[in-house]
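Read the structure below first, then the notes.
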Amino acid sequence: MTIKVSPVSRVAGNTLGGSTSPYLRQHADNPVHWREWTPEALAEAASRDVPILLSIGYAACHWCHVMAHESFEDAEVAAAANDGFVCIKVDREERPDLDAVYMNATVALTGQGGWPMTCFLTPDGRPFFCGTYYPKLGFLQLLDAVAETWRDRRDEVERASDQIATELRSMSAGLPGGGLPVGPELCNHAVAAVLNDEDVSHGGFGGAPKFPPSALLEGLLRHHERTGSVAALAAVERTCAAMARGGIYDQLAGGFARYSVDPHWVVPHFEKMLYDNALLLRAYAHLARRTGDPLARRVTAETAGFLIADLGAGAMFTSSLDADAGGREGLTYVWTPAELRSVLGEDDGAWAASLFGVTERGTFEHGASVLQLHRDPDDAARFESVRTTLSAARASRPQPARDDKVVTAWNGLAITALAEASVALESPELLSAAVECARRLLELHVVNGRLRRASLGGVVGESAAILEDHAALATALLTLHQLTGFGLDEAVRLLDVALEHFADPDQPGRWFDTADDAEQLMVRPADPIDGATPSGASLIAEALQAAGYLTGSPRYVDAAQATLSSATPILARAARSGGHWLAVAEAQVRGPIQIAVAGDPSSPLLDAARRLAPGGALVVGGAVDSSELLKGRDRVDGADAAYVCRGTVCDLPVTTVEALAVSLGGQPADGGSGAV
């Protein structure tokens, strides 16, 4: 990275007070002279000839708070940091591009990553030492050692930073080829690999810490719908039930915590993230719609309610709730038997303790327990009364802080999930919430025709949107278009920007996470692996796939297929890291399926199509020629008619719900099919 350096006088003091990031504002009163990541901050390091101390975290991060209290609020640490470094704070949620570059460096140097992330950089941004959390004494020793090395052994720093930069650039070269072609064989192979890693006893995949496998659940559901796989559906049902009954799920107010520290889903890391809950809402809504499972329906309703009540702000959705409250992790959520009795009385207190698994020994710290629900209550009315009373009592406790930053991508995920939940629960209110969020995002986050990453309090930030922002919002708008008619033009504009600025012109199907006209970092991030959220590349594949058929544009169809083809090594070799890729591939293998219902917008046939459609299917309704999928398609003999297509091959139209169900089960209504 080349920086234009001009003479800069040292700026005293901490400059984070005006940031649009709540995480950075948490550090605005630190005695450390924090700056945001700007050209001016890097130029200051060059002018002073000192290295950069880069600290990356996020507002809900427990260990970020610990390191802040131990070190960044400490005068001795601040003096050492201010004297020897230019200190830069980054919110990983606001600048995921920076987080990606320096997390790769941290993993390459230490074998592991996490937050808070602590990196030491040359003034031009090359890392030469990285780590994560350090206690005060260790951090002071590290600051002293790095400053001494910079001063006395600069040649070692330059060699190390050059080697790391070279390694990072080689890591960003893209996936090796050689995967299977996108087809049933690849999907079947990926699902078999995923199921081989299932924890059949406790649900989920792998051991502790155990993260909600949100995208995998959606992929497995789509696989079940395509193949009838009992094993895939059983894995989804086991995992969804285990999470919903475990401590990772808030048994009083709904919503999921970030992950479980144990393999049994008992004790969570208590932060609640918008993206986790949006992705899980989509999976539970799909399961509820597919199976009618009462637990899945309840969790769908409660999680949607949590998004709106606890994370909603001005029609949009905020980022997270903190892991800590009152200086202690989990303080808001845990209970002892005595606390239950004091709130509920002896009888209800004992009943609640038994129902929620609250014991004298406890499952958390200090003899307290996280609420679980391993069996359904035998008295539903009593259960709701107890939950209401406990919720009221809990509201009087210290509450976790909320990160009010609005992130485009995560709001896109929430819009899609709420729209799909509105179908599963037949809830117009959830659809209205999704539409209002989309309208407000477009109004605030699109500036001069380009999308921004985040806003705070109605003020949009300067950070440019990345690939996942364009892709998640485009998918959300295309989902809304199918339900309301709104959003197609806006989605197409986002996809056109993505194709122009994020697609790799030298490798069809490969995508960069940052635009070609965004800030040029040491490495241009391009990570197709699905993580806690789907990768930008897998999200754009979903959006392009839908847009191709909703618009009739071969450009989007071809781009979607190229994108999927580029990622087949993930499904072939690391399927658990490709949950969203699996979901998109399953939809592709089925056609994807398109259902166009010609007739009244309130047609029972259209309602049935939305209920019966497999995941990834496209469903539109309306009059003949009212949309691309309804061109030349009209009612049949005066009756509303459903046209079911798989790719470019279509069944004959059907006019009854029963015939539509048969068609979606894989058999044309009259036994024949042909290109229509």
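By order of appearance in the structure tokens: chains A, B, ..., then residues from 1 within every chain, and ligands from 1 in the order shown.
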Selection: 6 Å around A:Arg453, only C-alpha atoms, excl. self and same-chain fewer than 3 positions, as a ChimeraX atom specification: /A:407-408,463-465
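The residue set within 12 Å of A:Asp348, counting only C-alpha atoms and dropping same-chain residues fewer than 4 places from it, reads Pro337, Ala338, Glu339, Leu340, Arg341, Ser342, Val343, Leu344, Ala352, Ala353, Ser354, Leu355, Phe356, Asp379, Arg382, Phe383, Glu384, Ser385, Val386, Arg387, Thr389 and Leu390 of chain A.
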May I have the residues from that selection written out with C-alpha atoms, as an mmCIF file, in the first residue's frame?
```
data_model
loop_
_atom_site.group_PDB
_atom_site.id
_atom_site.type_symbol
_atom_site.label_atom_id
_atom_site.label_comp_id
_atom_site.auth_asym_id
_atom_site.auth_seq_id
_atom_site.Cartn_x
_atom_site.Cartn_y
_atom_site.Cartn_z
ATOM 1 C CA PRO A 337 -33.434 -21.445 42.680
ATOM 2 C CA ALA A 338 -33.733 -18.848 45.447
ATOM 3 C CA GLU A 339 -34.188 -16.042 42.916
ATOM 4 C CA LEU A 340 -36.936 -17.981 41.156
ATOM 5 C CA ARG A 341 -38.749 -18.561 44.441
ATOM 6 C CA SER A 342 -38.434 -14.923 45.471
ATOM 7 C CA VAL A 343 -40.027 -13.780 42.208
ATOM 8 C CA LEU A 344 -42.582 -16.552 41.665
ATOM 9 C CA ALA A 352 -39.966 -23.234 37.142
ATOM 10 C CA ALA A 353 -36.642 -24.486 38.538
ATOM 11 C CA SER A 354 -37.509 -28.019 37.478
ATOM 12 C CA LEU A 355 -38.774 -26.939 34.071
ATOM 13 C CA PHE A 356 -35.844 -24.628 33.270
ATOM 14 C CA ASP A 379 -49.457 -26.458 31.728
ATOM 15 C CA ARG A 382 -48.823 -21.549 33.797
ATOM 16 C CA PHE A 383 -45.752 -21.517 31.569
ATOM 17 C CA GLU A 384 -46.720 -18.222 29.954
ATOM 18 C CA SER A 385 -47.577 -16.696 33.339
ATOM 19 C CA VAL A 386 -44.192 -17.718 34.738
ATOM 20 C CA ARG A 387 -42.353 -16.382 31.688
ATOM 21 C CA THR A 389 -43.398 -12.678 35.604
ATOM 22 C CA LEU A 390 -39.747 -13.623 35.185
#
```
Could you name the residues that touch stretch 648-664 of chain A at 12 Å or less, counting only C-alpha atoms, but leaving out those on the same chain fewer than 4 positions away, as a ChimeraX atom specification? /A:225-226,548-549,552,554,557,588,590-599,603-615,617,629-630,633-644,668-676
Between atom CA of A:Ser320 and atom CA of A:Tyr275, what is the spacing in Å? 8.6 Å
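Non-sequential neighbours of stretch 305-316 of chain A (distance at most 6 Å, separation of 3 or more positions within a chain, only C-alpha atoms) are A:Gly254, A:Gly255, A:Glu302, A:Glu436, A:Cys437.
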Atoms to include: all heavy atoms. Write the selected residues as a compact mmCIF listing (two decimals), in the first residue's frame.
```txt
# COMPACT_ATOMS: atom_id res chain seq x y z
N GLY A 254 -36.90 -14.81 23.76
CA GLY A 254 -36.55 -15.18 22.39
C GLY A 254 -35.22 -14.60 21.98
O GLY A 254 -34.66 -13.71 22.62
N GLY A 255 -34.69 -15.11 20.89
CA GLY A 255 -33.40 -14.66 20.38
C GLY A 255 -32.27 -15.57 20.83
O GLY A 255 -32.30 -16.13 21.93
N GLU A 302 -40.99 -16.02 18.11
CA GLU A 302 -40.29 -15.31 19.19
C GLU A 302 -39.01 -14.64 18.68
O GLU A 302 -38.67 -13.54 19.13
CB GLU A 302 -39.96 -16.29 20.32
CG GLU A 302 -41.20 -16.77 21.07
CD GLU A 302 -40.90 -17.82 22.13
OE1 GLU A 302 -39.72 -18.24 22.24
OE2 GLU A 302 -41.83 -18.21 22.85
N GLU A 436 -40.59 -1.93 5.33
CA GLU A 436 -40.20 -0.63 5.89
C GLU A 436 -38.69 -0.55 6.11
O GLU A 436 -38.07 0.49 5.89
CB GLU A 436 -40.96 -0.37 7.20
CG GLU A 436 -42.43 -0.07 7.00
CD GLU A 436 -42.66 1.07 6.01
OE1 GLU A 436 -42.05 2.15 6.19
OE2 GLU A 436 -43.41 0.88 5.03
N CYS A 437 -38.11 -1.66 6.55
CA CYS A 437 -36.65 -1.68 6.74
C CYS A 437 -35.95 -1.46 5.40
O CYS A 437 -35.00 -0.66 5.30
CB CYS A 437 -36.23 -3.00 7.36
SG CYS A 437 -34.44 -3.15 7.61
```
Could you build a table of the residues in stretch 420-534 of chain A lying no more than 10 Å from stretch 561-579 of chain A, giving for each the nearest pair of atoms and their separation in Å rounded to one decimal place, using only C-alpha atoms, ordered by chain and ascending residue number, as CSV?
```
residue,atom,partner,partner_atom,distance
A:Ala503,CA,A:Thr563,CA,9.6
A:Gln507,CA,A:Ser566,CA,8.8
A:Pro508,CA,A:Ala562,CA,6.2
A:Gly509,CA,A:Thr563,CA,3.8
A:Arg510,CA,A:Thr563,CA,6.3
A:Trp511,CA,A:Thr563,CA,8.1
A:Pro528,CA,A:Ala567,CA,7.3
A:Ile529,CA,A:Ser577,CA,5.9
A:Asp530,CA,A:Ser577,CA,5.3
A:Gly531,CA,A:Ser577,CA,6.6
A:Ala532,CA,A:Ser577,CA,9.6
A:Thr533,CA,A:Gly579,CA,9.7
A:Pro534,CA,A:Gly579,CA,7.7
```
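The spacing separating atom CA of A:Arg450 from atom CA of A:Ile415 amounts to 19.9 Å.
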Residue neighbourhood A:Val236, 12 Å, only C-alpha atoms, exclusion window fewer than 4 positions, as a ChimeraX atom specification: /A:191,194-195,198-200,202-205,212-224,229-232,240-244,280,283-284,286-288,290-291,293,296
All helix (DSSP H, G or I) residues (DSSP, backbone) inside stretch 487-546 of chain A, as a PDB file with N, CA and C atoms, in the first residue's frame:
```pdb
ATOM      1  N   LEU A 488     -37.498  -4.779  -7.311  1.00  0.00           N
ATOM      2  CA  LEU A 488     -36.743  -5.389  -8.401  1.00  0.00           C
ATOM      3  C   LEU A 488     -35.747  -4.409  -9.017  1.00  0.00           C
ATOM      4  N   ASP A 489     -36.186  -3.206  -9.343  1.00  0.00           N
ATOM      5  CA  ASP A 489     -35.291  -2.232  -9.974  1.00  0.00           C
ATOM      6  C   ASP A 489     -34.115  -1.890  -9.062  1.00  0.00           C
ATOM      7  N   GLU A 490     -34.401  -1.740  -7.777  1.00  0.00           N
ATOM      8  CA  GLU A 490     -33.346  -1.400  -6.827  1.00  0.00           C
ATOM      9  C   GLU A 490     -32.339  -2.550  -6.698  1.00  0.00           C
ATOM     10  N   ALA A 491     -32.841  -3.784  -6.707  1.00  0.00           N
ATOM     11  CA  ALA A 491     -31.947  -4.940  -6.632  1.00  0.00           C
ATOM     12  C   ALA A 491     -31.050  -5.018  -7.858  1.00  0.00           C
ATOM     13  N   VAL A 492     -31.609  -4.779  -9.010  1.00  0.00           N
ATOM     14  CA  VAL A 492     -30.836  -4.827 -10.255  1.00  0.00           C
ATOM     15  C   VAL A 492     -29.722  -3.780 -10.243  1.00  0.00           C
ATOM     16  N   ARG A 493     -30.022  -2.605  -9.733  1.00  0.00           N
ATOM     17  CA  ARG A 493     -28.976  -1.567  -9.663  1.00  0.00           C
ATOM     18  C   ARG A 493     -27.823  -2.017  -8.764  1.00  0.00           C
ATOM     19  N   LEU A 494     -28.147  -2.638  -7.644  1.00  0.00           N
ATOM     20  CA  LEU A 494     -27.099  -3.132  -6.751  1.00  0.00           C
ATOM     21  C   LEU A 494     -26.264  -4.213  -7.426  1.00  0.00           C
ATOM     22  N   LEU A 495     -26.910  -5.104  -8.139  1.00  0.00           N
ATOM     23  CA  LEU A 495     -26.180  -6.180  -8.812  1.00  0.00           C
ATOM     24  C   LEU A 495     -25.311  -5.644  -9.945  1.00  0.00           C
ATOM     25  N   ASP A 496     -25.794  -4.635 -10.640  1.00  0.00           N
ATOM     26  CA  ASP A 496     -24.987  -4.046 -11.705  1.00  0.00           C
ATOM     27  C   ASP A 496     -23.729  -3.380 -11.135  1.00  0.00           C
ATOM     28  N   VAL A 497     -23.874  -2.709  -9.997  1.00  0.00           N
ATOM     29  CA  VAL A 497     -22.706  -2.125  -9.332  1.00  0.00           C
ATOM     30  C   VAL A 497     -21.739  -3.229  -8.912  1.00  0.00           C
ATOM     31  N   ALA A 498     -22.293  -4.314  -8.365  1.00  0.00           N
ATOM     32  CA  ALA A 498     -21.439  -5.417  -7.922  1.00  0.00           C
ATOM     33  C   ALA A 498     -20.668  -6.019  -9.092  1.00  0.00           C
ATOM     34  N   LEU A 499     -21.348  -6.242 -10.205  1.00  0.00           N
ATOM     35  CA  LEU A 499     -20.682  -6.817 -11.375  1.00  0.00           C
ATOM     36  C   LEU A 499     -19.596  -5.887 -11.913  1.00  0.00           C
ATOM     37  N   GLU A 500     -19.828  -4.597 -11.846  1.00  0.00           N
ATOM     38  CA  GLU A 500     -18.856  -3.640 -12.367  1.00  0.00           C
ATOM     39  C   GLU A 500     -17.656  -3.473 -11.457  1.00  0.00           C
ATOM     40  N   HIS A 501     -17.882  -3.472 -10.137  1.00  0.00           N
ATOM     41  CA  HIS A 501     -16.825  -3.064  -9.213  1.00  0.00           C
ATOM     42  C   HIS A 501     -16.247  -4.174  -8.344  1.00  0.00           C
ATOM     43  N   GLY A 536     -19.524 -13.010   1.017  1.00  0.00           N
ATOM     44  CA  GLY A 536     -20.093 -12.135   0.004  1.00  0.00           C
ATOM     45  C   GLY A 536     -20.289 -12.851  -1.312  1.00  0.00           C
ATOM     46  N   ALA A 537     -19.361 -13.761  -1.650  1.00  0.00           N
ATOM     47  CA  ALA A 537     -19.452 -14.476  -2.922  1.00  0.00           C
ATOM     48  C   ALA A 537     -20.654 -15.417  -2.950  1.00  0.00           C
ATOM     49  N   SER A 538     -20.901 -16.155  -1.859  1.00  0.00           N
ATOM     50  CA  SER A 538     -22.055 -17.067  -1.866  1.00  0.00           C
ATOM     51  C   SER A 538     -23.362 -16.284  -1.830  1.00  0.00           C
ATOM     52  N   LEU A 539     -23.359 -15.140  -1.160  1.00  0.00           N
ATOM     53  CA  LEU A 539     -24.554 -14.297  -1.145  1.00  0.00           C
ATOM     54  C   LEU A 539     -24.835 -13.722  -2.532  1.00  0.00           C
ATOM     55  N   ILE A 540     -23.789 -13.304  -3.232  1.00  0.00           N
ATOM     56  CA  ILE A 540     -24.023 -12.734  -4.565  1.00  0.00           C
ATOM     57  C   ILE A 540     -24.472 -13.822  -5.527  1.00  0.00           C
ATOM     58  N   ALA A 541     -24.026 -15.053  -5.328  1.00  0.00           N
ATOM     59  CA  ALA A 541     -24.500 -16.152  -6.165  1.00  0.00           C
ATOM     60  C   ALA A 541     -26.004 -16.332  -6.010  1.00  0.00           C
ATOM     61  N   GLU A 542     -26.513 -16.247  -4.781  1.00  0.00           N
ATOM     62  CA  GLU A 542     -27.950 -16.367  -4.538  1.00  0.00           C
ATOM     63  C   GLU A 542     -28.712 -15.228  -5.200  1.00  0.00           C
ATOM     64  N   ALA A 543     -28.202 -14.014  -5.056  1.00  0.00           N
ATOM     65  CA  ALA A 543     -28.888 -12.854  -5.630  1.00  0.00           C
ATOM     66  C   ALA A 543     -28.909 -12.922  -7.153  1.00  0.00           C
ATOM     67  N   LEU A 544     -27.788 -13.274  -7.757  1.00  0.00           N
ATOM     68  CA  LEU A 544     -27.721 -13.369  -9.216  1.00  0.00           C
ATOM     69  C   LEU A 544     -28.624 -14.476  -9.743  1.00  0.00           C
ATOM     70  N   GLN A 545     -28.662 -15.590  -9.015  1.00  0.00           N
ATOM     71  CA  GLN A 545     -29.513 -16.708  -9.414  1.00  0.00           C
ATOM     72  C   GLN A 545     -30.970 -16.277  -9.471  1.00  0.00           C
ATOM     73  N   ALA A 546     -31.429 -15.583  -8.442  1.00  0.00           N
ATOM     74  CA  ALA A 546     -32.824 -15.121  -8.417  1.00  0.00           C
ATOM     75  C   ALA A 546     -33.058 -14.056  -9.483  1.00  0.00           C
TER      76      ALA A 546
END
```
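Taking atom CA of A:Thr149 and atom CA of A:Ala81 as endpoints, the distance between them is 14.6 Å.
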Applying 8 Å and only C-alpha atoms, which residues near A:Val86 remain after dropping the ones on its own chain fewer than 6 positions away? List them as a CSV table (one decimal) with all heavy atoms, in the first residue's frame.
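The resulting file, out-v7.csv, is shown below:
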```csv
chain,number,residue,atom,x,y,z
A,33,HIS,N,-4.3,7.5,23.0
A,33,HIS,CA,-4.7,8.5,22.0
A,33,HIS,C,-5.1,7.8,20.7
A,33,HIS,O,-4.4,7.8,19.7
A,33,HIS,CB,-3.4,9.4,21.7
A,33,HIS,CG,-3.1,10.3,22.8
A,33,HIS,ND1,-1.9,11.0,22.9
A,33,HIS,CD2,-3.7,10.6,24.0
A,33,HIS,CE1,-1.8,11.7,24.0
A,33,HIS,NE2,-2.9,11.4,24.7
A,34,TRP,N,-6.3,7.2,20.8
A,34,TRP,CA,-6.8,6.4,19.7
A,34,TRP,C,-7.2,7.3,18.5
A,34,TRP,O,-7.7,8.4,18.7
A,34,TRP,CB,-8.0,5.7,20.0
A,34,TRP,CG,-7.9,4.5,21.0
A,34,TRP,CD1,-8.4,4.4,22.3
A,34,TRP,CD2,-7.1,3.3,20.8
A,34,TRP,NE1,-8.0,3.3,22.9
A,34,TRP,CE2,-7.2,2.6,22.0
A,34,TRP,CE3,-6.3,2.9,19.8
A,34,TRP,CZ2,-6.6,1.3,22.2
A,34,TRP,CZ3,-5.7,1.6,19.9
A,34,TRP,CH2,-5.8,0.9,21.1
A,35,ARG,N,-6.9,6.8,17.3
A,35,ARG,CA,-7.4,7.4,16.1
A,35,ARG,C,-8.2,6.4,15.3
A,35,ARG,O,-8.1,5.2,15.5
A,35,ARG,CB,-6.2,7.9,15.1
A,35,ARG,CG,-5.6,9.2,15.5
A,35,ARG,CD,-4.3,8.9,16.2
A,35,ARG,NE,-3.6,10.2,16.5
A,35,ARG,CZ,-3.9,11.0,17.5
A,35,ARG,NH1,-4.9,10.7,18.3
A,35,ARG,NH2,-3.2,12.1,17.7
A,41,ALA,N,-4.0,9.3,9.9
A,41,ALA,CA,-3.4,8.5,11.0
A,41,ALA,C,-2.1,7.8,10.5
A,41,ALA,O,-1.1,7.7,11.2
A,41,ALA,CB,-4.4,7.6,11.6
A,42,LEU,N,-2.2,7.2,9.3
A,42,LEU,CA,-1.0,6.5,8.8
A,42,LEU,C,0.1,7.4,8.5
A,42,LEU,O,1.3,7.1,8.7
A,42,LEU,CB,-1.4,5.6,7.6
A,42,LEU,CG,-2.0,4.2,7.8
A,42,LEU,CD1,-3.3,4.3,8.6
A,42,LEU,CD2,-2.2,3.5,6.5
A,44,GLU,N,0.7,10.2,10.0
A,44,GLU,CA,1.2,10.6,11.3
A,44,GLU,C,2.3,9.6,11.8
A,44,GLU,O,3.4,10.0,12.3
A,44,GLU,CB,0.1,10.7,12.4
A,44,GLU,CG,0.7,11.1,13.8
A,44,GLU,CD,-0.4,11.1,14.8
A,44,GLU,OE1,-1.6,11.1,14.5
A,44,GLU,OE2,-0.1,11.1,16.0
A,45,ALA,N,2.0,8.3,11.6
A,45,ALA,CA,3.0,7.3,12.0
A,45,ALA,C,4.3,7.4,11.1
A,45,ALA,O,5.4,7.3,11.6
A,45,ALA,CB,2.4,5.9,11.8
A,50,VAL,N,7.2,6.0,13.8
A,50,VAL,CA,6.9,5.0,14.8
A,50,VAL,C,5.9,4.0,14.2
A,50,VAL,O,5.2,4.2,13.2
A,50,VAL,CB,6.2,5.6,16.0
A,50,VAL,CG1,7.1,6.6,16.7
A,50,VAL,CG2,4.9,6.4,15.6
A,51,PRO,N,5.8,2.8,14.8
A,51,PRO,CA,4.9,1.8,14.2
A,51,PRO,C,3.5,2.1,14.7
A,51,PRO,O,3.2,3.0,15.5
A,51,PRO,CB,5.4,0.5,14.9
A,51,PRO,CG,6.1,0.9,16.1
A,51,PRO,CD,6.7,2.2,15.8
A,52,ILE,N,2.5,1.4,14.1
A,52,ILE,CA,1.1,1.5,14.4
A,52,ILE,C,0.7,0.4,15.3
A,52,ILE,O,1.0,-0.8,15.1
A,52,ILE,CB,0.3,1.5,13.1
A,52,ILE,CG1,0.5,2.7,12.2
A,52,ILE,CG2,-1.2,1.3,13.4
A,52,ILE,CD1,0.0,2.6,10.8
A,53,LEU,N,0.0,0.8,16.4
A,53,LEU,CA,-0.7,-0.2,17.2
A,53,LEU,C,-2.1,-0.2,16.7
A,53,LEU,O,-2.8,0.7,16.9
A,53,LEU,CB,-0.6,0.2,18.7
A,53,LEU,CG,-1.6,-0.5,19.6
A,53,LEU,CD1,-1.4,-2.0,19.6
A,53,LEU,CD2,-1.5,0.0,21.1
```
Which one of A:Pro398, A:Ala393, A:Glu329, A:Thr106 sits closest to A:Glu365 if you count only C-alpha atoms? A:Glu329
As a VMD selection string, please: the residues near A:Gly485 (cut-off 10 Å, only C-alpha atoms, same-chain neighbours under 3 positions excluded). chain A and resid 477 to 482 488 620 to 622 626 to 627
How would you write, as a ChimeraX atom specification, the set of residues in stretch 240-399 of chain A that DSSP gives as strand (DSSP E or B)? /A:249,256,259-260,268-269,272-273,312-313,316-317,320-321,324-325,328-329,335,369
Kindly save the residues from that selection, with C-alpha atoms included, as a CSV table (one decimal), in the first residue's frame.
```csv
chain,number,residue,atom,x,y,z
A,249,TYR,CA,-31.8,-19.5,23.3
A,256,PHE,CA,-30.1,-16.6,20.2
A,259,TYR,CA,-22.5,-19.5,20.6
A,260,SER,CA,-22.3,-22.1,23.3
A,268,PRO,CA,-23.7,-19.3,25.9
A,269,HIS,CA,-21.4,-16.5,25.2
A,272,LYS,CA,-26.8,-11.5,20.7
A,273,MET,CA,-26.0,-10.6,17.2
A,312,GLY,CA,-35.4,-2.6,16.0
A,313,ALA,CA,-34.7,1.2,15.7
A,316,MET,CA,-34.1,-0.7,10.7
A,317,PHE,CA,-32.2,-3.2,12.9
A,320,SER,CA,-26.1,-6.5,18.8
A,321,LEU,CA,-26.7,-6.7,22.5
A,324,ASP,CA,-21.9,-8.1,29.7
A,325,ALA,CA,-24.3,-6.1,31.9
A,328,ARG,CA,-20.5,-9.1,34.5
A,329,GLU,CA,-21.0,-11.5,31.6
A,335,TRP,CA,-31.0,-17.5,37.9
A,369,SER,CA,-28.0,-21.3,35.9
```
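Considering only C-alpha atoms, the residue among A:Cys87, A:Val32, A:Val446, A:Ala515 positioned nearest to A:Ala75 is A:Val32.
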